[in-house]
file target-v5.csv (CSV, C-alpha atoms)
chain,number,residue,atom,x,y,z
A,92,MET,CA,-91.2,66.9,-182.7
A,93,GLN,CA,-89.7,65.4,-179.6
A,94,TRP,CA,-89.0,62.2,-181.6
A,95,SER,CA,-87.1,64.0,-184.3
A,96,ALA,CA,-85.1,65.9,-181.7
A,97,ALA,CA,-84.2,62.6,-180.0
A,98,ILE,CA,-83.3,61.0,-183.3
A,99,ALA,CA,-81.1,64.0,-184.1
A,100,VAL,CA,-79.4,63.9,-180.8
A,101,ALA,CA,-78.8,60.1,-181.2
A,102,PHE,CA,-77.2,60.7,-184.7
A,103,LEU,CA,-75.0,63.5,-183.4
A,104,THR,CA,-73.9,61.4,-180.5
A,105,ALA,CA,-73.2,58.5,-182.7
A,106,GLY,CA,-71.3,60.7,-185.1
A,107,ILE,CA,-69.1,62.2,-182.3
A,108,VAL,CA,-68.4,58.7,-180.9
A,109,ALA,CA,-67.4,57.6,-184.4
A,110,VAL,CA,-65.1,60.5,-184.9
A,111,HIS,CA,-63.5,59.9,-181.5
A,112,ALA,CA,-62.9,56.3,-182.3
A,113,GLN,CA,-61.1,57.2,-185.5
A,114,ASN,CA,-59.0,60.1,-184.2
A,115,ASN,CA,-58.9,60.6,-180.5
A,116,PHE,CA,-56.0,62.9,-180.6
A,117,ILE,CA,-56.8,66.6,-180.9
A,118,TYR,CA,-54.2,68.9,-182.5
A,119,LYS,CA,-53.2,71.7,-180.2
A,120,ALA,CA,-51.5,74.8,-181.5
A,121,PRO,CA,-47.8,74.9,-180.5
A,122,THR,CA,-46.9,77.4,-177.9
A,123,PRO,CA,-43.7,79.5,-177.9
A,124,THR,CA,-42.3,77.0,-175.3
A,125,ASP,CA,-43.0,74.1,-177.7
A,126,TRP,CA,-41.1,75.9,-180.5
A,127,ALA,CA,-38.2,76.7,-178.1
A,128,ALA,CA,-38.0,73.1,-177.1
A,129,LEU,CA,-37.1,72.1,-180.6
A,130,ALA,CA,-33.8,74.0,-180.3
A,131,LYS,CA,-32.7,71.4,-177.7
A,132,LEU,CA,-33.2,68.5,-180.2
A,133,PRO,CA,-30.4,67.4,-182.6
A,134,ASP,CA,-30.3,69.4,-185.8
A,135,PHE,CA,-31.8,67.1,-188.4
A,136,SER,CA,-32.7,70.0,-190.6
A,137,GLY,CA,-31.8,70.3,-194.3
A,138,VAL,CA,-31.3,67.9,-197.2
A,139,TRP,CA,-29.7,64.5,-196.7
A,140,GLU,CA,-28.6,61.9,-199.2
A,141,VAL,CA,-28.3,58.2,-198.7
A,142,GLY,CA,-24.8,57.0,-199.6
A,143,PHE,CA,-25.2,56.7,-203.3
A,144,GLY,CA,-22.9,58.1,-205.9
A,145,PRO,CA,-20.1,60.5,-205.4
A,146,PRO,CA,-20.3,62.8,-202.5
A,147,ALA,CA,-20.5,66.6,-202.7
A,148,GLY,CA,-17.2,68.2,-203.2
A,149,GLY,CA,-15.0,67.5,-200.2
A,150,ALA,CA,-17.6,65.7,-198.3
A,151,ARG,CA,-16.7,62.7,-196.2
A,152,ALA,CA,-17.4,59.1,-196.7
A,153,GLY,CA,-21.0,59.2,-196.0
A,154,GLY,CA,-21.7,56.3,-198.2
A,155,ALA,CA,-19.4,53.9,-196.6
A,156,ARG,CA,-20.8,51.2,-194.4
A,157,PRO,CA,-18.8,50.1,-191.4
A,158,GLY,CA,-17.5,47.2,-193.3
A,159,GLY,CA,-16.2,49.5,-196.0
A,160,ALA,CA,-18.5,48.5,-198.7
A,161,PRO,CA,-20.4,51.3,-200.5
A,162,ALA,CA,-23.9,51.6,-199.1
A,163,ALA,CA,-25.4,51.5,-202.6
A,164,ALA,CA,-24.0,48.2,-203.4
A,165,PRO,CA,-25.8,46.1,-200.7
A,166,GLY,CA,-28.9,48.2,-201.1
A,167,GLY,CA,-29.1,47.6,-204.8
A,168,ALA,CA,-27.1,44.5,-205.2
A,169,ARG,CA,-29.8,42.7,-207.1
A,170,GLY,CA,-30.3,44.8,-210.2
A,171,ASP,CA,-33.8,43.7,-210.7
A,172,ALA,CA,-34.8,43.8,-207.1
A,173,ALA,CA,-33.7,46.7,-205.1
A,174,ALA,CA,-36.2,49.3,-206.3
A,175,ARG,CA,-38.9,48.0,-204.0
A,176,GLY,CA,-36.8,46.1,-201.5
A,177,ALA,CA,-35.4,47.1,-198.2
A,178,GLY,CA,-32.6,48.9,-199.9
A,179,ALA,CA,-30.1,48.1,-197.3
A,180,ALA,CA,-28.3,44.9,-196.5
A,181,PRO,CA,-29.7,43.1,-193.6
A,182,ALA,CA,-27.0,42.0,-191.2
A,183,GLY,CA,-26.8,38.3,-191.0
A,184,GLY,CA,-29.0,37.7,-194.0
A,185,GLY,CA,-28.1,34.8,-196.1
A,186,ARG,CA,-30.3,34.6,-199.2
A,187,GLY,CA,-29.3,35.3,-202.7
A,188,ARG,CA,-26.7,37.5,-204.2
A,189,GLY,CA,-25.8,40.3,-201.9
A,190,GLY,CA,-27.7,38.7,-199.0
A,191,GLY,CA,-31.2,39.2,-198.0
A,192,PRO,CA,-33.5,38.8,-195.1
A,193,GLN,CA,-33.9,35.4,-193.5
A,194,LEU,CA,-37.4,34.4,-194.5
A,195,THR,CA,-39.7,31.8,-193.0
A,196,PRO,CA,-40.1,28.7,-195.1
A,197,ALA,CA,-43.5,29.8,-196.2
A,198,ALA,CA,-42.4,33.2,-197.3
A,199,GLU,CA,-39.3,31.8,-199.0
A,200,ALA,CA,-41.5,29.4,-201.0
A,201,ARG,CA,-43.8,32.2,-202.0
A,202,ARG,CA,-40.9,34.4,-203.0
A,203,LYS,CA,-39.4,31.6,-205.2
A,204,GLU,CA,-42.8,31.0,-206.8
A,205,LEU,CA,-43.3,34.7,-207.7
A,206,GLN,CA,-39.8,35.0,-208.9
A,207,ALA,CA,-40.1,31.9,-211.1
A,208,LYS,CA,-43.4,33.3,-212.5
A,209,ALA,CA,-41.7,36.5,-213.4
A,210,GLY,CA,-39.0,34.6,-215.3
A,211,ASN,CA,-35.7,36.1,-216.3
A,212,VAL,CA,-37.0,39.4,-217.7
A,213,GLN,CA,-38.5,41.1,-214.8
A,214,ASP,CA,-39.0,44.5,-213.3
A,215,SER,CA,-40.7,46.1,-210.3
A,216,PRO,CA,-43.9,48.1,-210.3
A,217,ALA,CA,-41.8,51.2,-209.6
A,218,ALA,CA,-41.2,51.1,-213.4
A,219,ASN,CA,-44.8,52.2,-213.7
A,220,CYS,CA,-44.1,55.0,-211.2
A,221,LEU,CA,-45.7,53.2,-208.2
A,222,PRO,CA,-43.8,54.5,-205.2
A,223,PRO,CA,-42.0,51.7,-203.3
A,224,GLY,CA,-43.4,52.5,-199.8
A,225,MET,CA,-41.5,51.4,-196.7
A,226,PRO,CA,-38.8,50.4,-196.4
A,227,GLY,CA,-37.6,50.9,-200.0
A,228,ILE,CA,-38.5,54.6,-200.0
A,229,MET,CA,-35.7,55.3,-197.5
A,230,GLY,CA,-33.0,53.9,-199.8
A,231,GLN,CA,-33.5,55.8,-203.0
A,232,PRO,CA,-30.7,57.7,-204.8
A,233,TYR,CA,-32.4,61.0,-204.1
A,234,PRO,CA,-32.2,63.2,-201.1
A,235,MET,CA,-34.7,63.7,-198.3
A,236,GLU,CA,-35.4,66.7,-196.1
A,237,PHE,CA,-36.3,66.5,-192.4
A,238,LEU,CA,-38.7,69.1,-190.9
A,239,LEU,CA,-39.0,69.2,-187.1
A,240,THR,CA,-42.1,71.0,-185.8
A,241,PRO,CA,-43.6,70.6,-182.3
A,242,GLY,CA,-45.0,67.1,-182.0
A,243,LYS,CA,-44.0,66.0,-185.4
A,244,VAL,CA,-41.1,65.0,-187.7
A,245,THR,CA,-41.9,65.2,-191.4
A,246,ILE,CA,-39.6,63.6,-193.9
A,247,VAL,CA,-40.0,65.1,-197.4
A,248,ILE,CA,-38.6,62.5,-199.8
A,249,GLU,CA,-37.6,63.6,-203.3
A,250,ALA,CA,-38.0,60.2,-204.9
A,251,TYR,CA,-41.6,59.8,-206.2
A,252,GLN,CA,-42.3,63.0,-204.2
A,253,GLN,CA,-43.3,61.2,-201.0
A,254,VAL,CA,-43.9,62.4,-197.5
A,255,ARG,CA,-43.6,60.5,-194.2
A,256,HIS,CA,-45.5,61.8,-191.2
A,257,ILE,CA,-44.0,60.8,-187.8
A,258,TYR,CA,-46.0,61.9,-184.8
A,259,THR,CA,-43.9,62.7,-181.7
A,260,ASP,CA,-46.6,64.2,-179.7
A,261,GLY,CA,-47.2,61.3,-177.4
A,262,ARG,CA,-50.2,59.8,-179.2
A,263,PRO,CA,-50.5,56.0,-179.1
A,264,PRO,CA,-50.1,53.9,-182.2
A,265,PRO,CA,-53.5,53.0,-183.8
A,266,ASP,CA,-55.0,49.7,-182.6
A,267,ASP,CA,-56.2,48.7,-186.0
A,268,PRO,CA,-54.3,50.8,-188.6
A,269,ASP,CA,-55.3,51.2,-192.2
A,270,LEU,CA,-52.6,49.6,-194.4
A,271,LYS,CA,-50.5,52.3,-196.0
A,272,PHE,CA,-47.4,52.5,-198.2
A,273,HIS,CA,-45.5,54.2,-195.4
A,274,GLY,CA,-47.5,52.6,-192.5
A,275,THR,CA,-48.4,54.7,-189.5
A,276,SER,CA,-45.4,56.1,-187.6
A,277,ILE,CA,-45.1,57.1,-184.0
A,278,GLY,CA,-41.8,58.6,-182.9
A,279,ARG,CA,-40.2,59.5,-179.6
A,280,TRP,CA,-36.8,61.0,-178.6
A,281,ASP,CA,-34.5,58.6,-176.7
A,282,GLY,CA,-31.8,61.2,-175.8
A,283,ASP,CA,-30.4,62.4,-179.1
A,284,THR,CA,-31.9,59.5,-181.0
A,285,LEU,CA,-35.3,59.7,-182.8
A,286,VAL,CA,-36.9,56.2,-182.4
A,287,VAL,CA,-39.7,55.7,-184.9
A,288,ASP,CA,-42.1,52.7,-184.7
A,289,THR,CA,-44.1,52.0,-187.8
A,290,ILE,CA,-46.9,49.5,-188.3
A,291,GLY,CA,-49.6,48.8,-190.9
A,292,PHE,CA,-48.0,48.3,-194.3
A,293,SER,CA,-49.9,48.1,-197.6
A,294,PRO,CA,-49.7,44.7,-199.3
A,295,LEU,CA,-48.4,46.6,-202.3
A,296,THR,CA,-45.2,47.4,-200.5
A,297,GLU,CA,-42.4,44.8,-200.3
A,298,LEU,CA,-40.0,43.9,-197.5
A,299,THR,CA,-37.7,42.7,-200.2
A,300,ARG,CA,-38.5,41.7,-203.8
A,301,TYR,CA,-41.5,39.4,-204.0
A,302,VAL,CA,-42.0,39.5,-200.3
A,303,SER,CA,-44.9,41.4,-198.8
A,304,PHE,CA,-45.5,42.3,-195.2
A,305,SER,CA,-47.9,40.5,-193.0
A,306,PRO,CA,-50.2,42.6,-190.8
A,307,LYS,CA,-47.9,41.8,-187.9
A,308,ALA,CA,-44.9,43.6,-189.4
A,309,ARG,CA,-43.2,46.3,-187.5
A,310,ILE,CA,-40.3,48.6,-188.5
A,311,VAL,CA,-38.3,50.4,-185.9
A,312,GLU,CA,-35.9,53.0,-187.1
A,313,ARG,CA,-33.3,54.8,-184.9
A,314,PHE,CA,-32.1,58.1,-186.4
A,315,ARG,CA,-29.1,59.9,-184.9
A,316,LEU,CA,-26.3,62.2,-185.9
A,317,THR,CA,-22.9,60.6,-185.8
A,318,ASP,CA,-21.1,63.9,-186.7
A,319,PRO,CA,-22.5,67.3,-187.7
A,320,ASP,CA,-23.3,66.3,-191.3
A,321,THR,CA,-23.7,62.5,-191.0
A,322,MET,CA,-26.8,60.7,-189.9
A,323,SER,CA,-27.1,57.0,-189.1
A,324,ILE,CA,-30.4,55.1,-189.5
A,325,GLU,CA,-30.6,51.7,-187.9
A,326,THR,CA,-33.6,49.8,-189.2
A,327,THR,CA,-35.0,46.7,-187.6
A,328,ILE,CA,-37.8,44.9,-189.4
A,329,THR,CA,-39.7,42.2,-187.6
A,330,ASP,CA,-42.6,40.2,-189.0
A,331,PRO,CA,-43.3,36.8,-187.4
A,332,GLU,CA,-45.1,35.5,-190.4
A,333,VAL,CA,-42.5,36.4,-193.0
A,334,LEU,CA,-39.1,36.8,-191.3
A,335,ALA,CA,-37.3,33.9,-189.5
A,336,ALA,CA,-35.2,36.5,-187.7
A,337,PRO,CA,-35.3,40.3,-187.3
A,338,SER,CA,-33.7,42.1,-190.3
A,339,VAL,CA,-31.3,44.7,-189.0
A,340,SER,CA,-29.6,47.1,-191.3
A,341,THR,CA,-27.8,50.5,-191.0
A,342,ARG,CA,-27.8,53.2,-193.5
A,343,THR,CA,-25.7,56.4,-193.5
A,344,LEU,CA,-27.0,59.7,-194.8
A,345,ARG,CA,-24.9,62.7,-195.7
A,346,ARG,CA,-26.1,66.3,-195.3
A,347,HIS,CA,-25.6,68.5,-198.3
A,348,ARG,CA,-25.8,72.1,-197.1
A,349,ASN,CA,-25.8,73.5,-200.7
A,350,TRP,CA,-28.7,71.3,-202.0
A,351,THR,CA,-32.4,71.8,-202.1
A,352,THR,CA,-35.1,69.2,-202.6
A,353,ALA,CA,-36.1,69.1,-206.2
A,354,GLU,CA,-39.3,68.2,-208.0
A,355,TYR,CA,-39.8,64.6,-209.1
A,356,ILE,CA,-42.9,63.9,-211.1
A,357,CYS,CA,-42.5,60.3,-212.2
A,358,GLU,CA,-45.3,60.5,-214.7
A,359,GLU,CA,-43.7,63.5,-216.5
A,360,ASN,CA,-41.9,61.4,-219.1
A,361,ASN,CA,-42.0,57.8,-218.0
A,362,ARG,CA,-41.0,55.6,-220.9
A,363,ASN,CA,-40.5,52.4,-218.8
A,364,SER,CA,-43.2,50.0,-217.9
A,365,VAL,CA,-43.8,46.6,-216.5
A,366,ASP,CA,-46.8,44.4,-217.2
A,367,SER,CA,-48.6,42.2,-214.6
A,368,SER,CA,-46.1,39.3,-215.2
A,369,GLY,CA,-43.1,41.6,-214.4
A,370,LYS,CA,-42.0,41.9,-218.1
A,371,ALA,CA,-40.3,45.2,-218.7
A,372,SER,CA,-40.6,47.3,-221.8
A,373,ILE,CA,-39.4,50.7,-223.0
A,374,ASP,CA,-41.3,53.2,-225.1
A,375,LEU,CA,-39.0,54.6,-227.8
A,376,THR,CA,-41.6,56.8,-229.5
A,377,LEU,CA,-40.0,60.0,-230.5
A,378,PRO,CA,-40.6,63.1,-228.4
A,379,GLY,CA,-43.8,64.9,-229.4
A,380,LYS,CA,-45.1,61.8,-231.2
A,381,LYS,CA,-46.3,60.0,-228.0
B,905,MET,CA,-8.1,62.0,-204.8
B,906,LYS,CA,-11.3,61.3,-203.0
B,907,THR,CA,-13.2,62.5,-206.1
B,908,ARG,CA,-11.4,60.0,-208.2
B,909,PHE,CA,-12.0,57.2,-205.7
B,910,TYR,CA,-15.8,57.9,-205.7
B,911,ALA,CA,-15.8,58.1,-209.5
B,912,VAL,CA,-14.2,54.7,-209.6
B,913,MET,CA,-16.6,53.3,-207.0
B,914,VAL,CA,-19.6,54.6,-208.9
B,915,TRP,CA,-18.3,53.1,-212.1
B,916,ALA,CA,-17.7,49.8,-210.3
B,917,MET,CA,-21.3,49.9,-209.2
B,918,LEU,CA,-22.5,50.7,-212.7
B,919,LEU,CA,-20.5,47.9,-214.1
B,920,ALA,CA,-21.8,45.5,-211.4
B,921,GLY,CA,-25.3,46.3,-212.5
B,922,SER,CA,-26.2,48.0,-209.3
B,923,ALA,CA,-26.4,51.6,-210.6
B,924,PRO,CA,-28.7,54.1,-209.1
B,925,LEU,CA,-30.8,53.8,-212.2
B,926,ILE,CA,-32.5,50.9,-210.5
B,927,ALA,CA,-34.2,53.3,-208.3
B,928,HIS,CA,-36.9,53.6,-210.9
B,929,HIS,CA,-36.6,50.5,-213.0
B,930,SER,CA,-34.3,47.6,-213.8
B,931,PHE,CA,-31.8,47.1,-216.6
B,932,SER,CA,-33.7,44.2,-217.9
B,933,ALA,CA,-34.5,45.7,-221.3
B,934,PHE,CA,-30.9,46.6,-221.9
B,935,ASN,CA,-28.1,44.2,-222.7
B,936,THR,CA,-25.8,45.1,-219.9
B,937,GLU,CA,-23.2,42.6,-221.1
B,938,THR,CA,-22.3,44.7,-224.1
B,939,GLU,CA,-21.6,48.3,-225.2
B,940,LYS,CA,-22.3,50.0,-228.5
B,941,THR,CA,-21.0,53.3,-229.8
B,942,ILE,CA,-23.2,55.6,-231.9
B,943,THR,CA,-22.2,58.9,-233.5
B,944,GLY,CA,-24.7,61.5,-234.7
B,945,THR,CA,-26.5,64.8,-234.2
B,946,VAL,CA,-28.6,65.6,-231.2
B,947,ASN,CA,-32.2,65.9,-232.2
B,948,ARG,CA,-33.6,66.6,-228.8
B,949,PHE,CA,-32.6,66.4,-225.1
B,950,GLU,CA,-35.4,65.6,-222.8
B,951,TRP,CA,-34.5,67.0,-219.3
B,952,THR,CA,-37.3,65.1,-217.6
B,953,ASN,CA,-38.2,62.7,-214.8
B,954,PRO,CA,-37.9,59.9,-214.1
B,955,HIS,CA,-35.1,59.8,-216.7
B,956,THR,CA,-33.4,62.0,-219.2
B,957,TRP,CA,-33.5,61.0,-222.8
B,958,ILE,CA,-31.0,62.0,-225.5
B,959,TRP,CA,-32.4,61.6,-229.0
B,960,VAL,CA,-29.6,61.3,-231.6
B,961,ASP,CA,-30.0,61.2,-235.4
B,962,VAL,CA,-27.6,58.6,-236.7
B,963,GLN,CA,-26.9,58.0,-240.4
B,964,GLU,CA,-27.3,54.3,-241.1
B,965,ASN,CA,-27.0,53.0,-244.7
B,966,GLY,CA,-28.1,56.3,-246.1
B,967,LYS,CA,-31.1,56.6,-243.8
B,968,THR,CA,-31.5,58.7,-240.6
B,969,VAL,CA,-32.4,56.6,-237.6
B,970,THR,CA,-33.2,58.4,-234.3
B,971,TRP,CA,-31.8,56.6,-231.3
B,972,GLY,CA,-33.2,57.1,-227.8
B,973,VAL,CA,-30.6,57.0,-225.0
B,974,GLU,CA,-31.8,56.9,-221.4
B,975,GLY,CA,-29.9,58.6,-218.7
B,976,MET,CA,-30.3,59.3,-215.0
B,977,SER,CA,-32.9,61.8,-213.8
B,978,PRO,CA,-32.3,65.6,-214.0
B,979,ASN,CA,-32.4,65.6,-210.2
B,980,TYR,CA,-29.5,63.3,-209.9
B,981,LEU,CA,-27.5,64.8,-212.8
B,982,SER,CA,-28.0,68.4,-212.0
B,983,ARG,CA,-26.2,67.7,-208.7
B,984,ARG,CA,-23.3,66.3,-210.7
B,985,GLY,CA,-22.7,69.0,-213.2
B,986,TRP,CA,-25.2,68.4,-215.9
B,987,SER,CA,-27.9,70.8,-217.0
B,988,LYS,CA,-30.7,71.0,-219.5
B,989,ASN,CA,-28.1,72.5,-221.9
B,990,THR,CA,-25.6,69.7,-221.7
B,991,PHE,CA,-26.8,68.4,-225.0
B,992,LYS,CA,-28.3,70.9,-227.5
B,993,PRO,CA,-30.1,70.1,-230.8
B,994,GLY,CA,-27.5,70.1,-233.6
B,995,ASP,CA,-24.6,69.0,-231.3
B,996,LYS,CA,-22.4,66.4,-232.9
B,997,ILE,CA,-21.9,63.7,-230.3
B,998,THR,CA,-20.6,60.2,-229.8
B,999,LEU,CA,-22.3,58.1,-227.1
B,1000,THR,CA,-21.4,54.7,-225.7
B,1001,ILE,CA,-24.6,52.9,-224.6
B,1002,ARG,CA,-25.9,49.6,-223.4
B,1003,PRO,CA,-28.2,48.7,-226.3
B,1004,MET,CA,-31.7,47.4,-226.1
B,1005,ARG,CA,-31.9,43.6,-226.1
B,1006,ASP,CA,-34.5,43.6,-228.8
B,1007,GLY,CA,-32.4,45.5,-231.3
B,1008,SER,CA,-34.6,48.7,-231.2
B,1009,PRO,CA,-32.6,51.9,-231.7
B,1010,GLY,CA,-32.2,52.7,-228.0
B,1011,GLY,CA,-30.0,52.1,-225.0
B,1012,MET,CA,-28.8,53.2,-221.7
B,1013,PHE,CA,-26.2,56.0,-221.4
B,1014,VAL,CA,-22.8,54.9,-220.4
B,1015,ARG,CA,-20.6,57.9,-221.5
B,1016,GLY,CA,-20.4,60.5,-224.2
B,1017,ILE,CA,-18.0,62.7,-226.1
B,1018,LEU,CA,-19.0,66.1,-227.3
B,1019,ALA,CA,-17.9,67.5,-230.6
B,1020,ASP,CA,-15.1,69.5,-228.9
B,1021,GLY,CA,-13.8,66.2,-227.4
B,1022,LYS,CA,-15.1,67.0,-223.9
B,1023,PRO,CA,-16.2,63.7,-222.1
B,1024,VAL,CA,-19.5,63.5,-220.4
B,1025,THR,CA,-20.3,60.9,-217.7
B,1026,PHE,CA,-22.8,60.6,-214.9
B,1027,THR,CA,-20.2,61.9,-212.6
B,1028,ALA,CA,-18.8,64.6,-214.9
B,1029,THR,CA,-18.5,67.3,-212.4
B,1030,GLU,CA,-19.2,67.0,-208.8
B,1031,GLN,CA,-21.1,69.8,-207.0
call {"tool": "encode", "arguments": {"input": "target-v5.csv", "output": "structure tokens"}}
result
Amino acid sequence: MQWSAAIAVAFLTAGIVAVHAQNNFIYKAPTPTDWAALAKLPDFSGVWEVGFGPPAGGARAGGARPGGAPAAAPGGARGDAAARGAGAAPAGGGRGRGGGPQLTPAAEARRKELQAKAGNVQDSPAANCLPPGMPGIMGQPYPMEFLLTPGKVTIVIEAYQQVRHIYTDGRPPPDDPDLKFHGTSIGRWDGDTLVVDTIGFSPLTELTRYVSFSPKARIVERFRLTDPDTMSIETTITDPEVLAAPSVSTRTLRRHRNWTTAEYICEENNRNSVDSSGKASIDLTLPGKK
Amino acid sequence: MKTRFYAVMVWAMLLAGSAPLIAHHSFSAFNTETEKTITGTVNRFEWTNPHTWIWVDVQENGKTVTWGVEGMSPNYLSRRGWSKNTFKPGDKITLTIRPMRDGSPGGMFVRGILADGKPVTFTATEQ
């Protein structure tokens, strides 16, 4: 009797310790003061579009980069590549058409090897509806919606129906994060700028085409309003095993006050696919005959 | 004026092969170096993600061949003036496409003309 009680206590204690090790931050219900504090933060609410395509009627040049080039062009400059890549042109990059991050010799050799293996006809796993993950998910031609709640910023991304969870409640980053498509994001407010630090990326995500992150990768994003309906996101990617120099890019988003975020189920009618070698194909089976 | 500028810019990007279509997949199955024009009757318009598909019955040497033409997503297009009714079964249309490399009856939408002469592009009407 005493033995079984002791064993039960031991198990319970072990269980509690295990839970604490995994998740040592306890959610606290926000108070009215916490909600009121949100009003002092910059207004990120609503639906924002990366600078692709024509703007909403009368909107300003949200898509233009400082140099005057359209944001979509650097992001998607390589027709076969941008879907899973960084999506924005790294400043000071020097590789390939449209530039690219400066890779370490080992990463560049690996990239060339994978590209050569794929041959001329190639596509990205996004053709099979696999979401790109970070950082590519932030450069899609679909809008995203920012939700600010006490202790958290949530980004609802229309493309591939994705969500990013950014904790701004003061919790520390995980010591040994599980590897995720969007990593694990911790945010803080630096004045009117939301600074988001993200680590722990899945090997299925790509920094740029054919280049995966190492476990040492880190992405720091600085979100701020540059006018009432324009947001700037400066993204700095560091990865000592893959990048020879930090990759820094800036993307501009435009708020569309008459838009809502729409449904995007990639598997609804996906007729594109890519095999393990990167070869793309298209299913032309007539509707209803699939 | 601005509208026209952006229309030109988008077309420049399309022609450069960096169209927003790449968000989901590449152009590699299409011959982006060439254009082909097909005229026929709309069989069906799939207003679906990740891409819309216009199925067009085209008469070729006395036979009906149904062509599949891929377009941008309904999400993208609905914000630029398209709707699920932009193409209706029975509509007579002419489409300019980038054809499949392998010669299959399919391609990527470039622009279209409805029976009443109205042009349709990815940037037909801006919202």
call {"tool": "residues_around", "arguments": {"input": "target-v5.csv", "residues": "Phe237 in chain A", "least_positions_apart": "3", "cutoff": "7 Å", "atoms": "all atoms listed in the file", "output": "PyMOL selection string"}}
result
chain A and resi 135-137+244-247
call {"tool": "closest_residue", "arguments": {"input": "target-v5.csv", "among": "B:Thr1025, B:Thr943, B:Thr952, B:Thr936", "to": "chain A", "atoms": "all atoms listed in the file"}}
result
B:Thr952
call {"tool": "closest_residue", "arguments": {"input": "target-v5.csv", "among": "A:Gly379, A:Pro265, A:Pro337, A:Pro226", "to": "Ser303 in chain A", "atoms": "only C-alpha atoms"}}
result
A:Pro226
call {"tool": "atom_distance", "arguments": {"input": "target-v5.csv", "atom1": "CA of Phe272 in chain A", "atom2": "CA of Thr321 in chain A"}}
result
26.7 Å
call {"tool": "residues_around", "arguments": {"input": "target-v5.csv", "residues": "Arg345 in chain A", "least_positions_apart": "6", "cutoff": "7 Å", "atoms": "all atoms listed in the file", "output": "list in words"}}
result
Trp139, Glu140, Val141, Gly142, Gly153, Asp320, Thr321 and Met322 of chain A
call {"tool": "residues_around", "arguments": {"input": "target-v5.csv", "residues": "Thr195 in chain A", "least_positions_apart": "2", "cutoff": "7 Å", "atoms": "only C-alpha atoms", "output": "PyMOL selection string"}}
result
chain A and resi 193+197-199+333-335
call {"tool": "residues_near_point", "arguments": {"input": "target-v5.csv", "point": "(-45.3, 61.1, -180.6)", "cutoff": "10 Å", "atoms": "all atoms listed in the file", "output": "PyMOL selection string"}}
result
chain A and resi 241-244+257-264+276-280+286-288
call {"tool": "residues_near_point", "arguments": {"input": "target-v5.csv", "point": "(-23.6, 39.5, -222.0)", "cutoff": "12 Å", "atoms": "all atoms listed in the file", "output": "number ranges by chain"}}
result
B: 919, 921, 932, 934-939, 1002-1003, 1005
call {"tool": "atom_distance", "arguments": {"input": "target-v5.csv", "atom1": "CA of Ser323 in chain A", "atom2": "CA of Thr284 in chain A"}}
result
9.7 Å
call {"tool": "closest_residue", "arguments": {"input": "target-v5.csv", "among": "B:Gly1016, B:Gly1010, B:Gly944, B:Pro993", "to": "chain A", "atoms": "all atoms listed in the file"}}
result
B:Gly1010
call {"tool": "residues_around", "arguments": {"input": "target-v5.csv", "residues": "Cys220 in chain A", "least_positions_apart": "4", "cutoff": "8 Å", "atoms": "all atoms listed in the file", "output": "list of chain:residue names"}}
result
A:Pro216, A:Tyr251, A:Cys357, A:Glu358, A:Asn361, B:His928
call {"tool": "atom_distance", "arguments": {"input": "target-v5.csv", "atom1": "CA of Asp269 in chain A", "atom2": "CA of Gly291 in chain A"}}
result
6.3 Å
call {"tool": "residues_around", "arguments": {"input": "target-v5.csv", "residues": "Val311 in chain A", "least_positions_apart": "3", "cutoff": "9 Å", "atoms": "all atoms listed in the file", "output": "list in words"}}
result
Val286, Val287, Asp288, Thr289, Ile290, Glu325, Thr326, Thr327, Ile328 and Thr329 of chain A
call {"tool": "closest_residue", "arguments": {"input": "target-v5.csv", "among": "B:Asn979, B:Thr968, B:Gln963, B:Thr998", "to": "chain A", "atoms": "all atoms listed in the file"}}
result
B:Asn979
call {"tool": "closest_residue", "arguments": {"input": "target-v5.csv", "among": "B:Val962, B:Val1024, B:Ala933, B:Val1014", "to": "chain A", "atoms": "all atoms listed in the file"}}
result
B:Ala933
call {"tool": "closest_residue", "arguments": {"input": "target-v5.csv", "among": "B:Thr970, B:Thr945, B:Ser930, B:Ser982", "to": "Leu1018 in chain B", "atoms": "all atoms listed in the file"}}
result
B:Thr945
